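Pasting model39.cif here (mmCIF, C-alpha atoms):
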```cif
data_start
loop_
_atom_site.group_PDB
_atom_site.id
_atom_site.type_symbol
_atom_site.label_atom_id
_atom_site.label_comp_id
_atom_site.auth_asym_id
_atom_site.auth_seq_id
_atom_site.Cartn_x
_atom_site.Cartn_y
_atom_site.Cartn_z
ATOM 1 C CA GLN A 1 -4.850 -30.399 211.043
ATOM 2 C CA ASN A 2 -3.902 -33.603 209.191
ATOM 3 C CA HIS A 3 -5.568 -32.235 206.069
ATOM 4 C CA THR A 4 -3.580 -28.968 206.357
ATOM 5 C CA THR A 5 -0.302 -30.862 206.834
ATOM 6 C CA ALA A 6 -0.990 -33.051 203.791
ATOM 7 C CA ALA A 7 -1.800 -29.991 201.688
ATOM 8 C CA LYS A 8 1.455 -28.297 202.719
ATOM 9 C CA THR A 9 3.426 -31.448 201.959
ATOM 10 C CA LYS A 10 1.830 -31.728 198.553
ATOM 11 C CA MET A 11 2.563 -28.059 197.828
ATOM 12 C CA GLN A 12 6.203 -28.547 198.816
ATOM 13 C CA ASP A 13 6.454 -31.560 196.505
ATOM 14 C CA ARG A 14 5.068 -29.532 193.623
ATOM 15 C CA ARG A 15 7.494 -26.704 194.280
ATOM 16 C CA ARG A 16 10.367 -29.175 194.335
ATOM 17 C CA ARG A 17 9.240 -30.623 190.991
ATOM 18 C CA GLN A 18 8.986 -27.115 189.556
ATOM 19 C CA GLN A 19 12.540 -26.435 190.666
ATOM 20 C CA HIS A 20 13.659 -29.624 188.932
ATOM 21 C CA VAL A 21 11.906 -28.566 185.758
ATOM 22 C CA ALA A 22 13.428 -25.087 185.943
ATOM 23 C CA LEU A 23 16.879 -26.659 186.315
ATOM 24 C CA ALA A 24 16.235 -28.949 183.361
ATOM 25 C CA THR A 25 15.088 -25.984 181.279
ATOM 26 C CA SER A 26 18.239 -24.038 182.117
ATOM 27 C CA LEU A 27 20.424 -26.983 181.143
ATOM 28 C CA VAL A 28 18.565 -27.391 177.865
ATOM 29 C CA LEU A 29 19.059 -23.713 177.006
ATOM 30 C CA LEU A 30 22.733 -24.020 177.893
ATOM 31 C CA CYS A 31 23.090 -26.997 175.554
ATOM 32 C CA ALA A 32 21.446 -25.063 172.748
ATOM 33 C CA GLN A 33 23.820 -22.145 173.254
ATOM 34 C CA VAL A 34 26.834 -24.462 173.324
ATOM 35 C CA GLY A 35 25.697 -26.127 170.129
ATOM 36 C CA ASN A 36 25.190 -22.828 168.334
ATOM 37 C CA ALA A 37 28.534 -21.490 169.537
ATOM 38 C CA PHE A 38 30.726 -24.437 168.578
ATOM 39 C CA VAL A 39 28.888 -26.043 165.686
ATOM 40 C CA PRO A 40 27.931 -23.672 162.819
ATOM 41 C CA SER A 41 24.368 -24.120 161.674
ATOM 42 C CA SER A 42 25.449 -24.707 158.072
ATOM 43 C CA MET A 43 27.620 -27.645 159.155
ATOM 44 C CA VAL A 44 25.256 -29.359 161.600
ATOM 45 C CA LYS A 45 23.596 -32.263 159.839
ATOM 46 C CA SER A 46 21.908 -33.756 162.908
ATOM 47 C CA ASN A 47 18.866 -32.329 164.688
ATOM 48 C CA ALA A 48 20.432 -32.390 168.152
ATOM 49 C CA VAL A 49 20.282 -28.662 168.791
ATOM 50 C CA ALA A 50 16.836 -28.356 167.189
ATOM 51 C CA SER A 51 15.432 -31.144 169.364
ATOM 52 C CA THR A 52 16.944 -29.482 172.430
ATOM 53 C CA VAL A 53 15.094 -26.256 171.701
ATOM 54 C CA THR A 54 11.865 -28.219 171.189
ATOM 55 C CA VAL A 55 12.254 -29.885 174.574
ATOM 56 C CA THR A 56 12.877 -26.468 176.119
ATOM 57 C CA VAL A 57 9.594 -25.135 174.759
ATOM 58 C CA THR A 58 7.721 -28.199 176.031
ATOM 59 C CA VAL A 59 9.203 -27.965 179.514
ATOM 60 C CA THR A 60 8.507 -24.248 179.733
ATOM 61 C CA ARG A 61 4.876 -24.690 178.718
ATOM 62 C CA MET A 62 4.362 -27.476 181.234
ATOM 63 C CA THR A 63 5.962 -25.341 183.938
ATOM 64 C CA ASP A 64 3.640 -22.447 183.165
ATOM 65 C CA THR A 65 0.618 -24.747 183.214
ATOM 66 C CA THR A 66 1.620 -26.267 186.535
ATOM 67 C CA THR A 67 2.216 -22.874 188.101
ATOM 68 C CA SER A 68 -1.178 -21.609 187.006
ATOM 69 C CA ASN A 69 -2.935 -24.682 188.379
ATOM 70 C CA ASN A 70 -1.227 -24.678 191.797
ATOM 71 C CA SER A 71 -3.831 -22.427 193.402
ATOM 72 C CA ASN A 72 -6.677 -24.569 192.081
ATOM 73 C CA ASN A 73 -5.175 -27.893 193.151
ATOM 74 C CA ILE A 74 -3.870 -26.936 196.579
ATOM 75 C CA ASN A 75 -6.862 -28.475 198.350
ATOM 76 C CA SER A 76 -7.165 -31.596 196.163
ATOM 77 C CA ASP A 77 -6.882 -35.106 197.467
ATOM 78 C CA SER A 78 -3.332 -35.730 198.799
ATOM 79 C CA SER A 79 -3.519 -39.419 197.941
ATOM 80 C CA ASP A 80 -3.031 -38.593 194.213
ATOM 81 C CA SER A 81 0.696 -39.312 193.985
ATOM 82 C CA SER A 82 1.011 -39.717 190.183
ATOM 83 C CA ASN A 83 2.325 -36.631 188.371
ATOM 84 C CA PRO A 84 3.592 -36.330 184.794
ATOM 85 C CA MET A 85 6.209 -33.825 185.973
ATOM 86 C CA ASP A 86 8.534 -36.617 187.130
ATOM 87 C CA ASP A 87 8.473 -38.203 183.675
ATOM 88 C CA LEU A 88 8.938 -34.791 182.087
ATOM 89 C CA VAL A 89 12.079 -34.103 184.118
ATOM 90 C CA SER A 90 13.433 -37.542 183.264
ATOM 91 C CA VAL A 91 12.838 -37.064 179.539
ATOM 92 C CA SER A 92 14.400 -33.598 179.682
ATOM 93 C CA ILE A 93 17.576 -34.927 181.319
ATOM 94 C CA GLN A 94 17.818 -37.702 178.708
ATOM 95 C CA ASP A 95 17.419 -35.211 175.875
ATOM 96 C CA ILE A 96 20.076 -32.997 177.450
ATOM 97 C CA SER A 97 22.500 -35.908 177.658
ATOM 98 C CA SER A 98 21.928 -36.958 174.052
ATOM 99 C CA SER A 99 22.205 -33.358 172.842
ATOM 100 C CA VAL A 100 25.508 -32.820 174.652
ATOM 101 C CA LYS A 101 26.899 -36.044 173.202
ATOM 102 C CA ALA A 102 25.803 -35.093 169.676
ATOM 103 C CA VAL A 103 27.339 -31.623 169.956
ATOM 104 C CA ALA A 104 30.582 -32.982 171.387
ATOM 105 C CA SER A 105 30.770 -35.625 168.652
ATOM 106 C CA LYS A 106 30.198 -33.008 165.950
ATOM 107 C CA LYS A 107 32.828 -30.785 167.577
ATOM 108 C CA ARG A 108 35.382 -33.605 167.434
ATOM 109 C CA GLU A 109 34.765 -34.206 163.747
ATOM 110 C CA LYS A 110 37.191 -32.331 161.521
ATOM 111 C CA GLN A 111 35.588 -30.286 158.791
ATOM 112 C CA MET A 112 37.951 -30.461 155.823
ATOM 113 C CA SER A 113 38.399 -27.574 153.427
ATOM 114 C CA GLN A 114 36.615 -27.936 150.110
ATOM 115 C CA ALA A 115 39.300 -25.884 148.357
ATOM 116 C CA ILE A 116 42.235 -27.753 149.945
ATOM 117 C CA PRO A 117 40.897 -31.194 150.908
ATOM 118 C CA PHE A 118 43.972 -32.196 152.928
ATOM 119 C CA LEU A 119 43.687 -29.161 155.255
ATOM 120 C CA GLU A 120 41.159 -28.585 158.016
ATOM 121 C CA ARG A 121 38.475 -26.028 157.284
ATOM 122 C CA PRO A 122 38.972 -22.793 159.288
ATOM 123 C CA PRO A 123 36.249 -22.457 161.938
ATOM 124 C CA LEU A 124 35.207 -18.986 160.778
ATOM 125 C CA LEU A 125 34.539 -20.166 157.227
ATOM 126 C CA ASP A 126 31.160 -21.689 158.003
ATOM 127 C CA GLY A 127 29.510 -21.092 154.620
ATOM 128 C CA GLU A 128 27.770 -17.867 155.639
ATOM 129 C CA LEU A 129 29.316 -15.938 152.734
ATOM 130 C CA ALA A 130 28.762 -16.934 149.120
ATOM 131 C CA GLY A 131 31.781 -18.558 147.499
ATOM 132 C CA ASP A 132 33.108 -19.873 150.809
ATOM 133 C CA PHE A 133 35.090 -23.021 149.992
ATOM 134 C CA GLY A 134 37.110 -23.094 153.198
ATOM 135 C CA PHE A 135 40.222 -21.475 151.704
ATOM 136 C CA ASP A 136 42.321 -19.674 154.302
ATOM 137 C CA PRO A 137 45.498 -21.743 154.739
ATOM 138 C CA LEU A 138 47.353 -18.900 156.492
ATOM 139 C CA ARG A 139 44.461 -18.232 158.914
ATOM 140 C CA LEU A 140 44.443 -14.529 158.056
ATOM 141 C CA ALA A 141 40.834 -14.111 159.199
ATOM 142 C CA ARG A 142 41.242 -14.304 162.970
ATOM 143 C CA ASN A 143 37.736 -13.089 163.780
ATOM 144 C CA LYS A 144 34.480 -12.299 162.009
ATOM 145 C CA GLU A 145 35.330 -8.606 161.671
ATOM 146 C CA ALA A 146 38.583 -9.466 159.897
ATOM 147 C CA LEU A 147 36.784 -12.008 157.711
ATOM 148 C CA TRP A 148 34.221 -9.441 156.563
ATOM 149 C CA ALA A 149 36.967 -6.866 155.967
ATOM 150 C CA TYR A 150 38.803 -9.327 153.726
ATOM 151 C CA ARG A 151 35.581 -10.080 151.853
ATOM 152 C CA GLU A 152 35.012 -6.342 151.354
ATOM 153 C CA ALA A 153 38.494 -6.063 149.847
ATOM 154 C CA GLU A 154 38.013 -9.177 147.741
ATOM 155 C CA ILE A 155 34.722 -8.044 146.230
ATOM 156 C CA LYS A 156 36.176 -4.608 145.405
ATOM 157 C CA HIS A 157 39.173 -6.145 143.637
ATOM 158 C CA ALA A 158 36.887 -8.639 141.921
ATOM 159 C CA ARG A 159 34.684 -5.905 140.473
ATOM 160 C CA LEU A 160 37.682 -3.874 139.306
ATOM 161 C CA ALA A 161 39.192 -6.992 137.754
ATOM 162 C CA MET A 162 35.983 -7.751 135.851
ATOM 163 C CA LEU A 163 36.052 -4.238 134.401
ATOM 164 C CA ALA A 164 39.754 -4.579 133.581
ATOM 165 C CA ALA A 165 39.330 -8.017 132.006
ATOM 166 C CA VAL A 166 36.984 -6.427 129.461
ATOM 167 C CA GLY A 167 38.610 -3.016 129.234
ATOM 168 C CA TRP A 168 42.149 -4.268 128.591
ATOM 169 C CA PRO A 169 41.531 -5.999 125.227
ATOM 170 C CA VAL A 170 38.898 -3.431 124.216
ATOM 171 C CA SER A 171 41.453 -0.646 124.695
ATOM 172 C CA GLU A 172 43.892 -2.517 122.470
ATOM 173 C CA LEU A 173 41.192 -2.894 119.842
ATOM 174 C CA LEU A 174 39.937 0.694 119.832
ATOM 175 C CA ASP A 175 42.813 2.857 121.081
ATOM 176 C CA ARG A 176 44.282 3.712 117.688
ATOM 177 C CA SER A 177 40.896 4.525 116.181
ATOM 178 C CA ILE A 178 39.916 6.760 119.093
ATOM 179 C CA ALA A 179 43.310 8.481 119.077
ATOM 180 C CA ALA A 180 43.048 9.146 115.322
ATOM 181 C CA TYR A 181 39.559 10.575 115.777
ATOM 182 C CA PHE A 182 40.744 13.090 118.388
ATOM 183 C CA GLY A 183 44.038 13.747 116.599
ATOM 184 C CA VAL A 184 46.321 12.562 119.416
ATOM 185 C CA ALA A 185 49.050 9.956 119.620
ATOM 186 C CA PRO A 186 47.874 6.438 120.550
ATOM 187 C CA ALA A 187 48.767 5.100 123.967
ATOM 188 C CA LEU A 188 49.640 1.629 122.630
ATOM 189 C CA ASP A 189 53.193 0.724 121.728
ATOM 190 C CA ASP A 190 54.286 -0.788 118.420
ATOM 191 C CA ALA A 191 53.299 -4.281 119.605
ATOM 192 C CA ASP A 192 49.774 -3.125 120.462
ATOM 193 C CA ARG A 193 50.462 -3.435 124.171
ATOM 194 C CA VAL A 194 48.904 -1.108 126.713
ATOM 195 C CA PRO A 195 51.331 1.033 128.713
ATOM 196 C CA PHE A 196 52.501 -0.853 131.776
ATOM 197 C CA PHE A 197 55.308 -0.101 134.189
ATOM 198 C CA LEU A 198 56.785 -3.607 133.967
ATOM 199 C CA TYR A 199 57.908 -3.363 130.371
ATOM 200 C CA HIS A 200 58.116 0.278 129.231
ATOM 201 C CA HIS A 201 58.433 3.337 131.399
ATOM 202 C CA ASP A 202 58.913 5.683 128.448
ATOM 203 C CA LYS A 203 55.584 4.780 126.816
ATOM 204 C CA LEU A 204 53.810 5.044 130.136
ATOM 205 C CA GLN A 205 55.217 8.521 130.625
ATOM 206 C CA ALA A 206 54.192 9.471 127.103
ATOM 207 C CA ALA A 207 50.685 8.177 127.736
ATOM 208 C CA GLY A 208 50.535 10.212 130.918
ATOM 209 C CA GLU A 209 51.453 13.304 128.969
ATOM 210 C CA THR A 210 49.004 12.521 126.145
ATOM 211 C CA ILE A 211 45.950 11.772 128.278
ATOM 212 C CA ARG A 212 44.559 14.900 129.895
ATOM 213 C CA PRO A 213 45.056 15.313 133.663
ATOM 214 C CA GLU A 214 41.328 15.924 134.058
ATOM 215 C CA PHE A 215 40.696 12.313 133.045
ATOM 216 C CA TRP A 216 43.035 10.950 135.733
ATOM 217 C CA GLY A 217 41.477 13.306 138.281
ATOM 218 C CA PHE A 218 37.993 12.108 137.368
ATOM 219 C CA CYS A 219 39.040 8.447 137.723
ATOM 220 C CA LEU A 220 40.680 8.986 141.112
ATOM 221 C CA GLY A 221 37.825 11.127 142.410
ATOM 222 C CA MET A 222 35.156 8.655 141.316
ATOM 223 C CA SER A 223 37.058 5.733 142.840
ATOM 224 C CA ALA A 224 37.490 7.580 146.144
ATOM 225 C CA ALA A 225 33.817 8.571 146.248
ATOM 226 C CA ILE A 226 32.602 5.009 145.636
ATOM 227 C CA ASP A 227 35.005 3.568 148.203
ATOM 228 C CA SER A 228 34.026 6.157 150.800
ATOM 229 C CA TYR A 229 30.337 5.434 150.223
ATOM 230 C CA GLY A 230 30.969 1.714 150.624
ATOM 231 C CA VAL A 231 32.827 2.217 153.910
ATOM 232 C CA ARG A 232 30.034 4.376 155.339
ATOM 233 C CA ARG A 233 27.409 1.859 154.274
ATOM 234 C CA ALA A 234 29.357 -1.027 155.819
ATOM 235 C CA ARG A 235 29.517 0.808 159.148
ATOM 236 C CA SER A 236 25.911 1.975 159.144
ATOM 237 C CA GLY A 237 24.499 -1.254 160.584
ATOM 238 C CA ILE A 238 21.961 -1.830 157.816
ATOM 239 C CA PRO A 239 19.880 -4.977 158.518
ATOM 240 C CA GLY A 240 20.849 -7.828 156.230
ATOM 241 C CA TYR A 241 24.034 -6.101 155.026
ATOM 242 C CA ILE A 242 26.648 -8.295 153.352
ATOM 243 C CA PRO A 243 30.166 -7.248 152.260
ATOM 244 C CA GLY A 244 30.101 -5.332 148.991
ATOM 245 C CA ASP A 245 26.433 -4.360 149.241
ATOM 246 C CA LEU A 246 26.291 -0.817 147.832
ATOM 247 C CA GLY A 247 22.543 -0.877 147.288
ATOM 248 C CA TRP A 248 23.084 -0.266 143.572
ATOM 249 C CA ASP A 249 20.702 -2.149 141.295
ATOM 250 C CA PRO A 250 19.148 0.294 138.800
ATOM 251 C CA LEU A 251 17.860 -2.479 136.517
ATOM 252 C CA ARG A 252 16.328 -4.464 139.400
ATOM 253 C CA LEU A 253 18.239 -7.608 138.470
ATOM 254 C CA TYR A 254 18.902 -8.665 142.050
ATOM 255 C CA PRO A 255 16.412 -11.399 143.050
ATOM 256 C CA ILE A 256 14.084 -10.953 145.994
ATOM 257 C CA ASP A 257 14.170 -14.559 147.215
ATOM 258 C CA GLU A 258 17.025 -15.826 149.358
ATOM 259 C CA LYS A 259 17.958 -18.648 146.977
ATOM 260 C CA GLY A 260 18.178 -16.272 144.043
ATOM 261 C CA LYS A 261 20.228 -13.773 146.063
ATOM 262 C CA ARG A 262 22.674 -16.484 147.073
ATOM 263 C CA LYS A 263 23.027 -17.616 143.474
ATOM 264 C CA MET A 264 23.702 -14.067 142.276
ATOM 265 C CA GLN A 265 26.283 -13.466 145.015
ATOM 266 C CA LEU A 266 28.043 -16.714 144.147
ATOM 267 C CA ALA A 267 28.114 -15.865 140.435
ATOM 268 C CA GLU A 268 29.614 -12.438 141.122
ATOM 269 C CA ILE A 269 32.404 -13.642 143.384
ATOM 270 C CA GLN A 270 33.301 -16.553 141.097
ATOM 271 C CA HIS A 271 33.418 -14.343 138.007
ATOM 272 C CA GLY A 272 35.438 -11.788 139.965
ATOM 273 C CA ARG A 273 38.007 -14.352 141.064
ATOM 274 C CA THR A 274 38.322 -15.601 137.499
ATOM 275 C CA ALA A 275 38.772 -12.015 136.295
ATOM 276 C CA MET A 276 41.556 -11.371 138.815
ATOM 277 C CA LEU A 277 43.412 -14.402 137.468
ATOM 278 C CA ALA A 278 42.722 -13.269 133.898
ATOM 279 C CA VAL A 279 44.169 -9.789 134.415
ATOM 280 C CA THR A 280 47.241 -11.298 136.036
ATOM 281 C CA GLY A 281 47.521 -13.513 132.968
ATOM 282 C CA TYR A 282 47.256 -10.480 130.666
ATOM 283 C CA VAL A 283 50.204 -8.809 132.366
ATOM 284 C CA SER A 284 52.350 -11.942 132.370
ATOM 285 C CA GLN A 285 51.471 -12.828 128.802
ATOM 286 C CA GLU A 286 52.321 -9.430 127.331
ATOM 287 C CA ALA A 287 55.511 -9.161 129.392
ATOM 288 C CA VAL A 288 56.783 -12.554 128.194
ATOM 289 C CA SER A 289 55.516 -12.681 124.610
ATOM 290 C CA GLN A 290 56.128 -8.993 123.822
ATOM 291 C CA MET A 291 52.786 -8.964 122.008
ATOM 292 C CA GLY A 292 49.382 -7.517 122.715
ATOM 293 C CA ILE A 293 46.581 -9.762 123.907
ATOM 294 C CA ILE A 294 44.542 -9.197 120.763
ATOM 295 C CA ASP A 295 47.500 -10.105 118.517
ATOM 296 C CA GLU A 296 48.462 -13.258 120.366
ATOM 297 C CA THR A 297 44.909 -14.594 120.617
ATOM 298 C CA PRO A 298 43.190 -13.000 117.597
ATOM 299 C CA PHE A 299 40.502 -15.686 117.356
ATOM 300 C CA PHE A 300 38.908 -14.216 120.509
ATOM 301 C CA PHE A 301 38.683 -10.678 119.129
ATOM 302 C CA PHE A 302 38.501 -10.812 115.325
ATOM 303 C CA PRO A 303 36.242 -12.643 112.843
ATOM 304 C CA ILE A 304 37.351 -16.218 112.256
ATOM 305 C CA THR A 305 37.689 -15.612 108.530
ATOM 306 C CA GLU A 306 40.120 -12.753 109.068
ATOM 307 C CA THR A 307 42.106 -14.793 111.564
ATOM 308 C CA ALA A 308 42.248 -17.818 109.251
ATOM 309 C CA GLU A 309 43.361 -15.618 106.351
ATOM 310 C CA LYS A 310 46.276 -14.239 108.362
ATOM 311 C CA VAL A 311 47.297 -17.721 109.443
ATOM 312 C CA LEU A 312 47.288 -18.938 105.851
ATOM 313 C CA GLU A 313 49.336 -15.927 104.727
ATOM 314 C CA ASP A 314 51.916 -16.658 107.413
ATOM 315 C CA VAL A 315 52.102 -20.311 106.373
ATOM 316 C CA VAL A 316 52.558 -19.404 102.679
ATOM 317 C CA THR A 317 55.187 -16.794 103.524
ATOM 318 C CA ASN A 318 57.198 -19.172 105.661
ATOM 319 C CA VAL A 319 57.050 -21.905 103.031
#
```

Could you quickly redo this structure as structure tokens?
Amino acid sequence: QNHTTAAKTKMQDRRRRQQHVALATSLVLLCAQVGNAFVPSSMVKSNAVASTVTVTVTVTRMTDTTTSNNSNNINSDSSDSSNPMDDLVSVSIQDISSSVKAVASKKREKQMSQAIPFLERPPLLDGELAGDFGFDPLRLARNKEALWAYREAEIKHARLAMLAAVGWPVSELLDRSIAAYFGVAPALDDADRVPFFLYHHDKLQAAGETIRPEFWGFCLGMSAAIDSYGVRRARSGIPGYIPGDLGWDPLRLYPIDEKGKRKMQLAEIQHGRTAMLAVTGYVSQEAVSQMGIIDETPFFFFPITETAEKVLEDVVTNV
């Protein structure tokens, strides 16, 4: 009877230790979830959350081992009072405490914006998207869905701006030649400026009458088709989808490794942002100077010898 009582007592002690371990495991998992929720992985420099997960795995394995050995050890000597489970629970609680402190300390630290160093970095801008420099001073992105919608819009405008940044000066260079070839009036004005509503409505109307309606219909239809395809793809739930991913890479230039992909995404968004500023500069420059881009900055578009010759002719004429 004494032996049976001792065995029951020992079994109860083991169950109590298992409950302690289960509680410790739950707390560790909770700490890991708190860390992941409040501290973005790209910003966490310490290994607090990682060590917490490691402790969780260790505790779980020990719990499984103890559970499987209970039936074999139920009749063992009751005088064996030493058990590594007590130390395990103690270590787990210490790791939990240190993890919570590390997460709370990291939460208190202000992450400053890289784009505007004197402003705090918005919490949603955690570096997940390429080209994320923490710039959202008006806090327009209130949630991740809004953030991704803004990135979709940004990448679309960036791609259009890159096309426009090249197409604008090229049209000024080639418009008269193409118009003469087809026997139609050029769309440029006398100052070699492209038709734009800010500085001449009459020329814009004339260009609209000169250029065939089928061309405008093709442009609008193509734009609508591409945009509709992009919206459907964004809502399709494709694994690994990022804003602006149309799955279009006929030349297979997109890298297959993650580092190369990130580099390509960063290059595209940076060039696109520069192009948006450039096109805005085109409009402002032609509106203020009353000259075409190619005439005001000829050294970008004509041979240097031709440009130098014109400069010398102007100097001689003025003298």

CA of Pro122 in chain A and CA of Glu145 in chain A are how many Å apart?
->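 Atom-to-atom, CA of Pro122 in chain A and CA of Glu145 in chain A are spaced 14.8 Å apart.
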
Compile the contact shell of range 227-244 of chain A as a PyMOL selection string: residues with an atom at most 8 Å away, counting only C-alpha atoms, same-chain residues fewer than 6 positions apart removed.
-> chain A and resi 148-149+151-152+155-156

Across A:Leu163, A:Ile304, A:Met11, A:Leu147, the smallest distance to Thr274 in chain A, with only C-alpha atoms counted, is shown by A:Leu163

How close does each residue of range 197-288 of chain A get to range 128-142 of chain A, giving the shortest atom pair and distance in Å to one decimal for every residue with an atom at most 7 Å away, counting all atoms listed in the file, sorted by chain and residue number, as CSV?
```
residue,atom,partner,partner_atom,distance
A:Arg262,CA,A:Ala130,CA,6.4
A:Gln265,CA,A:Ala130,CA,5.9
A:Leu266,CA,A:Ala130,CA,5.0
A:Ile269,CA,A:Gly131,CA,6.4
A:Gln270,CA,A:Gly131,CA,6.9
```

Quick one, how far is CA of His271 in chain A from CA of Pro169 in chain A?
->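 These atoms are spaced 17.3 Å apart.
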
Test item: the PyMOL selection byres ((chain A and resi 170) around 12) resolved as a ChimeraX atom specification | /A:163-169,171-178,188,192-194,292-294,300-302

Please indicate the distance in Å from CA of Ala161 in chain A to CA of Tyr282 in chain A, rounded to one decimal place.
->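 For CA of Ala161 in chain A relative to CA of Tyr282 in chain A, the distance reads 11.3 Å.
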
Which residue out of A:Leu160, A:Cys219, A:Leu246, A:Val311 has the minimum interatomic distance to Arg273 in chain A when all atoms listed in the file are used?
->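 The shortest atom-to-atom distance to Arg273 in chain A comes from A:Leu160.
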
Could you state which residues are captured by the PyMOL selection byres ((chain A and resi 121) around 7) in this file, as a ChimeraX atom specification?
-> /A:111-113,119-120,122-123,134

5 Å per side around range 234-247 of chain A: axis-aligned box centre and edge lengths, as lines of an AutoDock Vina configuration file:
```
center_x = 25.0
center_y = -3.2
center_z = 153.9
size_x = 20.3
size_y = 20.3
size_z = 23.3
```

Go through A:His157, A:Lys261, A:Arg252, A:Arg212 one by one, measure the shortest atom-to-atom distance of each to Leu277 in chain A using all atoms listed in the file, and give the residue with the smallest value.
->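 Among A:His157, A:Lys261, A:Arg252, A:Arg212, it is A:His157 that comes nearest to Leu277 in chain A.
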